[in-house]
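K.L.:
Before I ask anything, let me first share the structure, which is written out below as structure tokens.
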Amino acid sequence: MLTLHDPADVRQIAATYETHTPADVTAACERAAGGAELWGRTPGPRRAAVLHAAAALLEQRADAIAADITREEGKLVADARAETLRAAAVLRFHAGEAERTHGEAGDAGDPGTLAYTRRRPLGVVALVTPWNFPIAIPAWKLAPALAAGNAVVLKPSTRAPGGALALVAALRDAGLPEGVVEVVIGGADVGTTLADDARVAALSFTGSNAVGDAVRERVQARGARFQGELGGNNPLVVLADADPARAAAIAVSGAFGAAGQKCTATRRVIVEQRLYEPLLAAMVAEVDRLKTGPGLDAASHVPPLVDKEAQSEVLEAIEQALGAGAEAVAGGRAPDGELQHGAFVLPTVLAQAGPGMTVVDDEVFGPVCAVLPVGGVDEAIEQANATPYGLSASIVTNDLRGAFRFVERIDAGMVHVNRPTPGADPHMPFGGVKGSAGSGYREQGRAALEFFSQSQTVYVQHDLP
Ligand code: UN1
């Protein structure tokens with residue numbers, strides 16, 4: 001039995017769940033193998049109808065699902081609602097893809113012969129999803145997996161499985177046949193049993209580099225496909241021509257939205273020296289307006305972290321930076337008073353930050369933003385690229401030459417100009433480079449189908465020469 005506490009007040013129990021054993025995982029894979037036979041033969045347009053119907057159910061149920069997500073994971077209820085609608089939009093996009101099962105067709109080299117391509121499902125695929133987007137990330141893996149005709153065994157994070165269960169309930173209520181989606185809840189033994197099951201042809205993972213690397217090794221060792229969306233340490237570069245107030249608003253929303261618990265959150269602000277002081281002042285003014293509080297309180301801007309363990313890790317990283325010479329110009333600690341019972345950390349801006357600090361070199365998953373001065377655009381790009389990661393990156397400037405120099409040279413799978421580092425449209429590809437990429441496969445957009453299907457080329461001799 002899994003018992004989850006409300007991150008806004010850990011004295012309260014938010015939810016309890018039955019957990020699964022390795023034997024349950026094996027049984028789930030067995031049922032999914034049966035589901036894959038049936039769903040793989042179901043025509044794309046019929047698969048699409050189920051995805052559309054599930055999207056409509058999520059839209060109807062958005063308020064209730066959002067409240068449950070907030071109680072369990074902590075995020076602002078408005079964000080939880082937007083995330084639920086985003087999951088619906090993702091289902092609709094991939095429903096469209098299932099309606100367009102187009103390939104290529106043309107003359108083969110031999111006379112009287114037609115050649116065409118089609119995409120075939122892989123069979124059973126496994127999805128391992130994190131807690132920070134508890135419904136959107138399961139949706140953006142499930143939707144293309146199902147659109148392509150696979151059966152799925154989904155393992156949501158034990159820190160917040162509720163969103164994934166709500167998504168699967170909507171799919172089942174929309175008419176998804178038995179065995180096409182199985183959910184398993186559990187820890188490492190459940191994960192390794194799933195990764196090792198010979199029926200699992202592919203595994204898509206979003207989460208930390210440490211776990212992702214271990215899962216990739218197991219899955220690839222037996223020749224199955226692996227897709228990974230791993231960590232990030234996303235830079236926002238601010239050039240000297242930028243308006244400090246506008247740049248600060250972009251930085252603060254990117255760094256502290258969802259309390260910084262997005263793999264795409266802004267972790268480092270790299271600013272041209274001339275704008276360093278004005279930008280810091282503008283960021284502090286912007287942070288002053290943010291209210292830290294429970295996600296269910298409509299007045300809150302910065303919700304708690306997912307649990308007390310996450311809070312301790314983030315506070316430890318802040319202490320390490322302060323010990324190494326950083327200065328907290330905003331936040332730097334947990335709040336006092338009633339909020340002490342929750343997993344809160346005040347939005348923290350660290351000046352005088354530099355290499356050797358965990359917040360600069362690695363991924364610290366919380367509301368902490370390091371600000372680093374640089375001499376110019378080339379030094380900014382060098383600093384921005386100086387981590388093992390390469391997920392998202394952004395630049396704030398109206399200088400076209402500087403902006404394009406950045407786009408050309410930044411090691412990032414997603415680049416924003418005059419926008420915060422987070423955010424991803426369902427119809428565009430999502431993924432990183434370097435240590436952020438678990439594989440070359442992209443998620444979202446049309447690209448998502450490549451991971452979940454394989455191309456078959458068919459030659460038909462229909463006439464004798
Ligand atoms: C976003 O930027 O809105 O785990 C999505 C994560 C990412 C999703 C970010 N895979 O935070």
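Order determines the names: the first chain of the structure tokens is A, the second B, and so forth; residues in each chain are numbered 1 upward, and ligands are numbered 1 upward as they are shown.
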I'd like the neighbourhood of stretch 81-89 of chain A as a list of chain:residue names, where a residue qualifies if any of its atoms comes within 6 Å (using only C-alpha atoms), though same-chain residues fewer than 5 positions away should be ignored.
P.N.:
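The residues satisfying every condition are A:Ala55, A:Ala62, A:Ala66, A:Ala136, A:Ala139.
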K.L.:
What does the file look like for those residues with C-alpha atoms, as a compact mmCIF listing (two decimals), in the first residue's frame?
P.N.:
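For reference, selection_13.txt as written:
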# COMPACT_ATOMS: atom_id res chain seq x y z
CA ALA A 55 -9.93 13.72 -24.76
CA ALA A 62 -10.72 18.60 -15.74
CA ALA A 66 -6.94 18.99 -11.27
CA ALA A 136 0.58 15.46 -19.45
CA ALA A 139 -0.47 11.47 -22.22
K.L.:
Pick out each residue of stretch 205-240 of chain A that DSSP on the backbone tags as alpha helix (DSSP H); I need them as a PyMOL selection string.
P.N.:
chain A and resi 209-221
K.L.:
Pick the closest to ligand 1 from A:Arg442, A:Arg405, A:Arg172, A:His462: which is it, counting only C-alpha atoms and all ligand atoms?
P.N.:
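Looking only at the distances to ligand 1, the closest residue turns out to be A:Arg442.
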K.L.:
Calculated over only C-alpha atoms, which of the candidates A:Leu76, A:Ala321, A:Val90, A:Val407 has the smallest distance to A:Ala298?
P.N.:
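The closest residue to A:Ala298 is A:Leu76.
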K.L.:
Tell me which protein, DNA and RNA residues are within 10 Å of A:Asp463, counting only C-alpha atoms, leaving out same-chain ones fewer than 2 positions away, and put them as a ChimeraX atom specification.
P.N.:
/A:111-114,460-461,465
K.L.:
Can you write out the residues you just picked, keeping all heavy atoms, as an mmCIF file, in the first residue's frame?
P.N.:
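Output below, filename part-v7.cif:
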data_model
loop_
_atom_site.group_PDB
_atom_site.id
_atom_site.type_symbol
_atom_site.label_atom_id
_atom_site.label_comp_id
_atom_site.auth_asym_id
_atom_site.auth_seq_id
_atom_site.Cartn_x
_atom_site.Cartn_y
_atom_site.Cartn_z
ATOM 1 N N PRO A 111 9.228 -4.071 -63.657
ATOM 2 C CA PRO A 111 7.935 -3.779 -64.294
ATOM 3 C C PRO A 111 6.777 -4.479 -63.569
ATOM 4 O O PRO A 111 6.968 -5.554 -62.981
ATOM 5 C CB PRO A 111 8.092 -4.344 -65.711
ATOM 6 C CG PRO A 111 9.552 -4.593 -65.903
ATOM 7 C CD PRO A 111 10.169 -4.757 -64.549
ATOM 8 N N GLY A 112 5.604 -3.868 -63.650
ATOM 9 C CA GLY A 112 4.402 -4.494 -63.087
ATOM 10 C C GLY A 112 4.459 -4.630 -61.573
ATOM 11 O O GLY A 112 3.805 -5.493 -60.995
ATOM 12 N N THR A 113 5.251 -3.801 -60.912
ATOM 13 C CA THR A 113 5.436 -3.961 -59.463
ATOM 14 C C THR A 113 5.188 -2.639 -58.738
ATOM 15 O O THR A 113 5.725 -1.599 -59.141
ATOM 16 C CB THR A 113 6.867 -4.455 -59.152
ATOM 17 O OG1 THR A 113 7.113 -5.620 -59.927
ATOM 18 C CG2 THR A 113 7.036 -4.790 -57.683
ATOM 19 N N LEU A 114 4.382 -2.693 -57.718
ATOM 20 C CA LEU A 114 4.074 -1.522 -56.885
ATOM 21 C C LEU A 114 4.890 -1.602 -55.600
ATOM 22 O O LEU A 114 5.026 -2.688 -55.023
ATOM 23 C CB LEU A 114 2.574 -1.529 -56.547
ATOM 24 C CG LEU A 114 2.100 -0.600 -55.426
ATOM 25 C CD1 LEU A 114 2.113 0.860 -55.901
ATOM 26 C CD2 LEU A 114 0.684 -0.977 -54.975
ATOM 27 N N VAL A 460 4.770 -5.386 -54.445
ATOM 28 C CA VAL A 460 3.726 -6.290 -54.946
ATOM 29 C C VAL A 460 3.838 -6.385 -56.470
ATOM 30 O O VAL A 460 3.666 -5.383 -57.166
ATOM 31 C CB VAL A 460 2.319 -5.773 -54.578
ATOM 32 C CG1 VAL A 460 1.250 -6.742 -55.076
ATOM 33 C CG2 VAL A 460 2.185 -5.559 -53.069
ATOM 34 N N GLN A 461 4.121 -7.561 -56.920
ATOM 35 C CA GLN A 461 4.118 -7.750 -58.380
ATOM 36 C C GLN A 461 2.689 -8.061 -58.795
ATOM 37 O O GLN A 461 2.137 -9.095 -58.438
ATOM 38 C CB GLN A 461 5.049 -8.907 -58.792
ATOM 39 C CG GLN A 461 4.959 -9.188 -60.260
ATOM 40 C CD GLN A 461 6.300 -9.482 -60.888
ATOM 41 O OE1 GLN A 461 7.212 -9.972 -60.241
ATOM 42 N NE2 GLN A 461 6.421 -9.182 -62.149
ATOM 43 N N PRO A 465 5.718 -9.043 -66.644
ATOM 44 C CA PRO A 465 6.240 -8.242 -67.737
ATOM 45 C C PRO A 465 6.079 -8.955 -69.097
ATOM 46 O O PRO A 465 5.906 -10.142 -69.153
ATOM 47 C CB PRO A 465 7.721 -8.054 -67.400
ATOM 48 C CG PRO A 465 8.038 -9.029 -66.334
ATOM 49 C CD PRO A 465 6.759 -9.485 -65.710
#
K.L.:
Taking only C-alpha atoms and all ligand atoms into account, list the residues no farther than 6 Å from ligand 1, as a PyMOL selection string.
P.N.:
chain A and resi 262-264+422-424
K.L.:
Got a sec: who's within 12 Å of A:Gly149, counting only C-alpha atoms, leaving out chain neighbours fewer than 3 positions off, as a short mmCIF file (atom, residue, chain, number, x, y, z; two decimals) with all heavy atoms, in the first residue's frame?
P.N.:
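File produced: part-v1.cif:
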data_model
loop_
_atom_site.label_atom_id
_atom_site.label_comp_id
_atom_site.auth_asym_id
_atom_site.auth_seq_id
_atom_site.Cartn_x
_atom_site.Cartn_y
_atom_site.Cartn_z
N ALA A 32 -1.09 -7.47 -21.82
CA ALA A 32 -0.81 -6.48 -22.86
C ALA A 32 -0.44 -7.16 -24.18
O ALA A 32 -0.77 -6.65 -25.25
CB ALA A 32 0.32 -5.54 -22.41
N GLY A 35 -3.60 -7.73 -25.70
CA GLY A 35 -4.15 -6.44 -26.14
C GLY A 35 -3.49 -5.95 -27.41
O GLY A 35 -4.15 -5.36 -28.29
N ALA A 36 -2.19 -6.20 -27.54
CA ALA A 36 -1.44 -5.73 -28.71
C ALA A 36 -1.94 -6.40 -29.99
O ALA A 36 -2.00 -5.77 -31.05
CB ALA A 36 0.05 -5.99 -28.52
N GLU A 37 -2.31 -7.68 -29.90
CA GLU A 37 -2.85 -8.41 -31.06
C GLU A 37 -4.10 -7.70 -31.58
O GLU A 37 -4.23 -7.43 -32.77
CB GLU A 37 -3.28 -9.82 -30.61
CG GLU A 37 -2.15 -10.78 -30.39
CD GLU A 37 -1.64 -11.29 -31.72
OE1 GLU A 37 -2.47 -11.62 -32.59
OE2 GLU A 37 -0.40 -11.34 -31.89
N LEU A 38 -4.99 -7.41 -30.64
CA LEU A 38 -6.28 -6.84 -31.00
C LEU A 38 -6.13 -5.39 -31.50
O LEU A 38 -6.65 -5.01 -32.55
CB LEU A 38 -7.18 -6.86 -29.75
CG LEU A 38 -8.50 -6.12 -29.84
CD1 LEU A 38 -9.45 -6.87 -30.74
CD2 LEU A 38 -9.12 -5.96 -28.44
N TRP A 39 -5.41 -4.58 -30.73
CA TRP A 39 -5.31 -3.14 -31.03
C TRP A 39 -4.49 -2.91 -32.30
O TRP A 39 -4.75 -2.00 -33.07
CB TRP A 39 -4.69 -2.44 -29.82
CG TRP A 39 -4.75 -0.96 -29.82
CD1 TRP A 39 -3.68 -0.11 -29.85
CD2 TRP A 39 -5.92 -0.12 -29.77
NE1 TRP A 39 -4.11 1.20 -29.81
CE2 TRP A 39 -5.48 1.21 -29.77
CE3 TRP A 39 -7.29 -0.38 -29.74
CZ2 TRP A 39 -6.36 2.30 -29.73
CZ3 TRP A 39 -8.18 0.69 -29.71
CH2 TRP A 39 -7.70 2.01 -29.70
N GLY A 40 -3.50 -3.77 -32.51
CA GLY A 40 -2.66 -3.64 -33.71
C GLY A 40 -3.46 -3.89 -34.99
O GLY A 40 -3.11 -3.38 -36.05
N ARG A 41 -4.52 -4.67 -34.87
CA ARG A 41 -5.36 -4.96 -36.05
C ARG A 41 -6.51 -3.96 -36.19
O ARG A 41 -7.25 -3.99 -37.16
CB ARG A 41 -5.97 -6.37 -35.94
CG ARG A 41 -5.01 -7.50 -36.21
CD ARG A 41 -5.79 -8.80 -36.49
NE ARG A 41 -6.81 -9.07 -35.47
CZ ARG A 41 -6.60 -9.77 -34.35
NH1 ARG A 41 -5.42 -10.30 -34.13
NH2 ARG A 41 -7.57 -9.96 -33.49
N THR A 42 -6.69 -3.11 -35.18
CA THR A 42 -7.77 -2.11 -35.23
C THR A 42 -7.36 -0.98 -36.17
O THR A 42 -6.27 -0.43 -36.02
CB THR A 42 -8.01 -1.54 -33.80
OG1 THR A 42 -8.31 -2.63 -32.94
CG2 THR A 42 -9.14 -0.53 -33.77
N PRO A 43 -8.17 -0.62 -37.15
CA PRO A 43 -7.75 0.42 -38.10
C PRO A 43 -7.50 1.77 -37.41
O PRO A 43 -8.18 2.10 -36.43
CB PRO A 43 -8.95 0.53 -39.05
CG PRO A 43 -9.70 -0.75 -38.89
CD PRO A 43 -9.47 -1.20 -37.49
N GLY A 44 -6.54 2.52 -37.94
CA GLY A 44 -6.17 3.81 -37.37
C GLY A 44 -7.35 4.72 -37.06
O GLY A 44 -7.44 5.29 -35.96
N PRO A 45 -8.28 4.90 -38.00
CA PRO A 45 -9.41 5.80 -37.71
C PRO A 45 -10.24 5.34 -36.50
O PRO A 45 -10.78 6.17 -35.78
CB PRO A 45 -10.23 5.77 -39.00
CG PRO A 45 -9.21 5.45 -40.06
CD PRO A 45 -8.25 4.49 -39.41
N ARG A 46 -10.31 4.04 -36.26
CA ARG A 46 -11.06 3.57 -35.07
C ARG A 46 -10.25 3.82 -33.79
O ARG A 46 -10.82 4.12 -32.75
CB ARG A 46 -11.39 2.09 -35.20
CG ARG A 46 -12.38 1.87 -36.33
CD ARG A 46 -12.97 0.49 -36.28
NE ARG A 46 -13.66 0.27 -37.54
CZ ARG A 46 -14.33 -0.82 -37.84
NH1 ARG A 46 -14.39 -1.80 -36.97
NH2 ARG A 46 -14.93 -0.94 -38.99
N ARG A 47 -8.96 3.68 -33.90
CA ARG A 47 -8.12 4.03 -32.74
C ARG A 47 -8.29 5.52 -32.43
O ARG A 47 -8.39 5.94 -31.27
CB ARG A 47 -6.65 3.71 -33.03
CG ARG A 47 -6.39 2.25 -33.33
CD ARG A 47 -4.94 1.86 -33.16
NE ARG A 47 -4.04 2.38 -34.17
CZ ARG A 47 -3.48 1.65 -35.14
NH1 ARG A 47 -3.73 0.36 -35.25
NH2 ARG A 47 -2.65 2.21 -35.99
N ALA A 48 -8.34 6.30 -33.50
CA ALA A 48 -8.49 7.76 -33.34
C ALA A 48 -9.78 8.09 -32.60
O ALA A 48 -9.81 8.98 -31.73
CB ALA A 48 -8.49 8.43 -34.71
N VAL A 50 -11.34 6.48 -30.32
CA VAL A 50 -11.18 6.27 -28.87
C VAL A 50 -10.38 7.42 -28.25
O VAL A 50 -10.73 7.93 -27.18
CB VAL A 50 -10.51 4.89 -28.59
CG1 VAL A 50 -10.22 4.73 -27.11
CG2 VAL A 50 -11.39 3.76 -29.11
N LEU A 51 -9.32 7.83 -28.93
CA LEU A 51 -8.50 8.92 -28.38
C LEU A 51 -9.30 10.23 -28.31
O LEU A 51 -9.21 10.97 -27.33
CB LEU A 51 -7.22 9.12 -29.21
CG LEU A 51 -6.24 7.94 -29.25
CD1 LEU A 51 -4.99 8.30 -30.06
CD2 LEU A 51 -5.83 7.48 -27.86
N HIS A 94 -2.69 13.26 -31.57
CA HIS A 94 -2.30 11.91 -32.01
C HIS A 94 -3.48 11.13 -32.58
O HIS A 94 -3.27 10.22 -33.40
CB HIS A 94 -1.56 11.17 -30.91
CG HIS A 94 -0.17 11.71 -30.75
ND1 HIS A 94 0.80 11.50 -31.68
CD2 HIS A 94 0.37 12.52 -29.82
CE1 HIS A 94 1.90 12.12 -31.32
NE2 HIS A 94 1.67 12.76 -30.18
N ALA A 95 -4.70 11.50 -32.18
CA ALA A 95 -5.87 10.92 -32.86
C ALA A 95 -5.80 11.30 -34.34
O ALA A 95 -6.03 10.46 -35.22
CB ALA A 95 -7.16 11.44 -32.22
N GLU A 97 -3.14 11.89 -36.04
CA GLU A 97 -2.08 11.09 -36.68
C GLU A 97 -2.58 9.68 -37.00
O GLU A 97 -2.19 9.09 -38.01
CB GLU A 97 -0.84 11.03 -35.78
CG GLU A 97 -0.09 12.35 -35.68
CD GLU A 97 0.28 12.91 -37.04
OE1 GLU A 97 1.10 12.29 -37.74
OE2 GLU A 97 -0.27 13.96 -37.42
N ALA A 98 -3.42 9.13 -36.09
CA ALA A 98 -3.95 7.78 -36.35
C ALA A 98 -4.91 7.78 -37.54
O ALA A 98 -5.11 6.76 -38.19
CB ALA A 98 -4.65 7.24 -35.10
N GLU A 99 -5.49 8.95 -37.82
CA GLU A 99 -6.36 9.07 -39.00
C GLU A 99 -5.54 9.20 -40.28
O GLU A 99 -6.04 8.98 -41.37
CB GLU A 99 -7.28 10.30 -38.86
CG GLU A 99 -8.41 10.05 -37.87
CD GLU A 99 -9.02 11.33 -37.33
OE1 GLU A 99 -8.48 12.43 -37.58
OE2 GLU A 99 -10.03 11.23 -36.62
N THR A 101 -2.66 7.57 -41.55
CA THR A 101 -1.64 6.53 -41.52
C THR A 101 -0.98 6.45 -42.90
O THR A 101 -0.91 5.39 -43.51
CB THR A 101 -2.26 5.18 -41.16
OG1 THR A 101 -3.35 4.96 -42.05
CG2 THR A 101 -2.76 5.16 -39.73
N ARG A 119 3.45 1.90 -41.65
CA ARG A 119 4.07 1.84 -40.33
C ARG A 119 3.36 0.79 -39.51
O ARG A 119 2.13 0.73 -39.48
CB ARG A 119 4.02 3.21 -39.65
CG ARG A 119 4.90 4.23 -40.35
CD ARG A 119 5.35 5.35 -39.43
NE ARG A 119 6.44 4.95 -38.55
CZ ARG A 119 7.74 5.05 -38.84
NH1 ARG A 119 8.13 5.55 -39.99
NH2 ARG A 119 8.66 4.66 -37.97
N ARG A 120 4.14 -0.05 -38.85
CA ARG A 120 3.56 -1.11 -38.04
C ARG A 120 3.87 -0.88 -36.57
O ARG A 120 4.95 -0.39 -36.22
CB ARG A 120 4.16 -2.45 -38.47
CG ARG A 120 3.86 -2.76 -39.92
CD ARG A 120 3.75 -4.23 -40.17
NE ARG A 120 4.91 -4.97 -39.68
CZ ARG A 120 4.96 -6.30 -39.66
NH1 ARG A 120 3.93 -7.01 -40.05
NH2 ARG A 120 6.04 -6.92 -39.24
N PRO A 121 2.94 -1.25 -35.69
CA PRO A 121 3.22 -1.10 -34.26
C PRO A 121 4.34 -2.03 -33.82
O PRO A 121 4.66 -3.00 -34.51
CB PRO A 121 1.90 -1.49 -33.60
CG PRO A 121 1.13 -2.25 -34.62
CD PRO A 121 1.61 -1.79 -35.97
N LEU A 122 4.91 -1.76 -32.65
CA LEU A 122 6.00 -2.59 -32.13
C LEU A 122 5.46 -3.78 -31.35
O LEU A 122 6.14 -4.78 -31.20
CB LEU A 122 6.91 -1.76 -31.22
CG LEU A 122 7.54 -0.52 -31.86
CD1 LEU A 122 8.37 0.23 -30.82
CD2 LEU A 122 8.41 -0.89 -33.05
N GLY A 123 4.24 -3.65 -30.80
CA GLY A 123 3.67 -4.71 -29.96
C GLY A 123 3.37 -4.15 -28.59
O GLY A 123 2.54 -3.26 -28.44
N VAL A 124 4.09 -4.62 -27.57
CA VAL A 124 3.92 -4.10 -26.21
C VAL A 124 5.03 -3.08 -25.95
O VAL A 124 6.21 -3.39 -26.17
CB VAL A 124 4.01 -5.23 -25.15
CG1 VAL A 124 3.85 -4.65 -23.75
CG2 VAL A 124 2.95 -6.29 -25.42
N VAL A 125 4.66 -1.90 -25.50
CA VAL A 125 5.66 -0.91 -25.12
C VAL A 125 5.45 -0.51 -23.66
O VAL A 125 4.33 -0.57 -23.15
CB VAL A 125 5.62 0.34 -26.03
CG1 VAL A 125 5.88 -0.02 -27.47
CG2 VAL A 125 4.29 1.09 -25.89
N LEU A 142 1.56 7.97 -24.02
CA LEU A 142 0.46 7.03 -24.32
C LEU A 142 -0.19 7.33 -25.67
O LEU A 142 -0.48 6.40 -26.43
CB LEU A 142 -0.63 7.18 -23.26
CG LEU A 142 -0.78 6.08 -22.22
CD1 LEU A 142 -1.85 6.46 -21.22
CD2 LEU A 142 -1.11 4.74 -22.86
N ALA A 143 -0.42 8.62 -25.95
CA ALA A 143 -1.17 8.96 -27.16
C ALA A 143 -0.48 8.45 -28.43
O ALA A 143 -1.11 7.76 -29.23
CB ALA A 143 -1.44 10.46 -27.22
N PRO A 144 0.81 8.73 -28.64
CA PRO A 144 1.43 8.20 -29.86
C PRO A 144 1.58 6.68 -29.82
O PRO A 144 1.47 6.02 -30.86
CB PRO A 144 2.80 8.88 -29.92
CG PRO A 144 3.08 9.36 -28.53
CD PRO A 144 1.74 9.63 -27.91
N ALA A 145 1.80 6.11 -28.61
CA ALA A 145 1.93 4.65 -28.51
C ALA A 145 0.63 3.99 -28.97
O ALA A 145 0.65 3.02 -29.74
CB ALA A 145 2.27 4.24 -27.08
N LEU A 146 -0.50 4.53 -28.50
CA LEU A 146 -1.80 3.95 -28.87
C LEU A 146 -2.16 4.29 -30.31
O LEU A 146 -2.72 3.45 -31.03
CB LEU A 146 -2.90 4.45 -27.92
CG LEU A 146 -2.77 4.00 -26.46
CD1 LEU A 146 -3.89 4.62 -25.62
CD2 LEU A 146 -2.80 2.47 -26.34
N VAL A 152 0.18 -1.01 -24.10
CA VAL A 152 1.08 -0.27 -23.22
C VAL A 152 1.04 -0.82 -21.80
O VAL A 152 -0.04 -1.12 -21.29
CB VAL A 152 0.64 1.22 -23.19
CG1 VAL A 152 1.38 1.98 -22.11
CG2 VAL A 152 0.86 1.87 -24.56
N LEU A 176 -11.57 1.97 -24.85
CA LEU A 176 -10.31 1.25 -25.11
C LEU A 176 -10.49 -0.19 -24.62
O LEU A 176 -10.87 -0.42 -23.47
CB LEU A 176 -9.16 1.92 -24.36
CG LEU A 176 -7.76 1.43 -24.78
CD1 LEU A 176 -7.40 2.00 -26.15
CD2 LEU A 176 -6.71 1.83 -23.76
N VAL A 180 -5.25 -3.30 -23.44
CA VAL A 180 -4.48 -2.40 -24.31
C VAL A 180 -3.64 -1.44 -23.47
O VAL A 180 -2.55 -1.04 -23.89
CB VAL A 180 -5.39 -1.66 -25.31
CG1 VAL A 180 -4.59 -0.71 -26.19
CG2 VAL A 180 -6.15 -2.65 -26.17
N VAL A 181 -4.14 -1.06 -22.28
CA VAL A 181 -3.29 -0.30 -21.35
C VAL A 181 -3.35 -0.96 -19.98
O VAL A 181 -4.43 -1.17 -19.43
CB VAL A 181 -3.73 1.17 -21.22
CG1 VAL A 181 -2.86 1.86 -20.16
CG2 VAL A 181 -3.58 1.90 -22.53
N LEU A 449 5.81 9.39 -33.37
CA LEU A 449 5.39 8.09 -33.91
C LEU A 449 6.58 7.23 -34.32
O LEU A 449 6.48 6.01 -34.38
CB LEU A 449 4.47 8.29 -35.11
CG LEU A 449 3.06 8.75 -34.76
CD1 LEU A 449 2.27 9.03 -36.02
CD2 LEU A 449 2.33 7.70 -33.92
N PHE A 452 7.50 4.75 -31.69
CA PHE A 452 6.48 3.75 -31.36
C PHE A 452 6.05 2.88 -32.55
O PHE A 452 5.04 2.18 -32.45
CB PHE A 452 5.27 4.44 -30.75
CG PHE A 452 5.54 4.97 -29.37
CD1 PHE A 452 5.60 6.34 -29.12
CD2 PHE A 452 5.76 4.11 -28.30
CE1 PHE A 452 5.86 6.83 -27.85
CE2 PHE A 452 6.03 4.58 -27.04
CZ PHE A 452 6.07 5.95 -26.80
N SER A 453 6.74 2.99 -33.66
CA SER A 453 6.34 2.17 -34.81
C SER A 453 7.57 1.87 -35.66
O SER A 453 8.63 2.46 -35.47
CB SER A 453 5.29 2.91 -35.64
OG SER A 453 5.83 4.11 -36.15
N GLN A 454 7.42 0.95 -36.58
CA GLN A 454 8.50 0.73 -37.54
C GLN A 454 7.95 0.67 -38.95
O GLN A 454 6.82 0.26 -39.17
CB GLN A 454 9.30 -0.52 -37.20
CG GLN A 454 8.49 -1.78 -37.12
CD GLN A 454 9.16 -2.81 -36.22
OE1 GLN A 454 10.36 -2.72 -35.99
NE2 GLN A 454 8.40 -3.77 -35.74
#
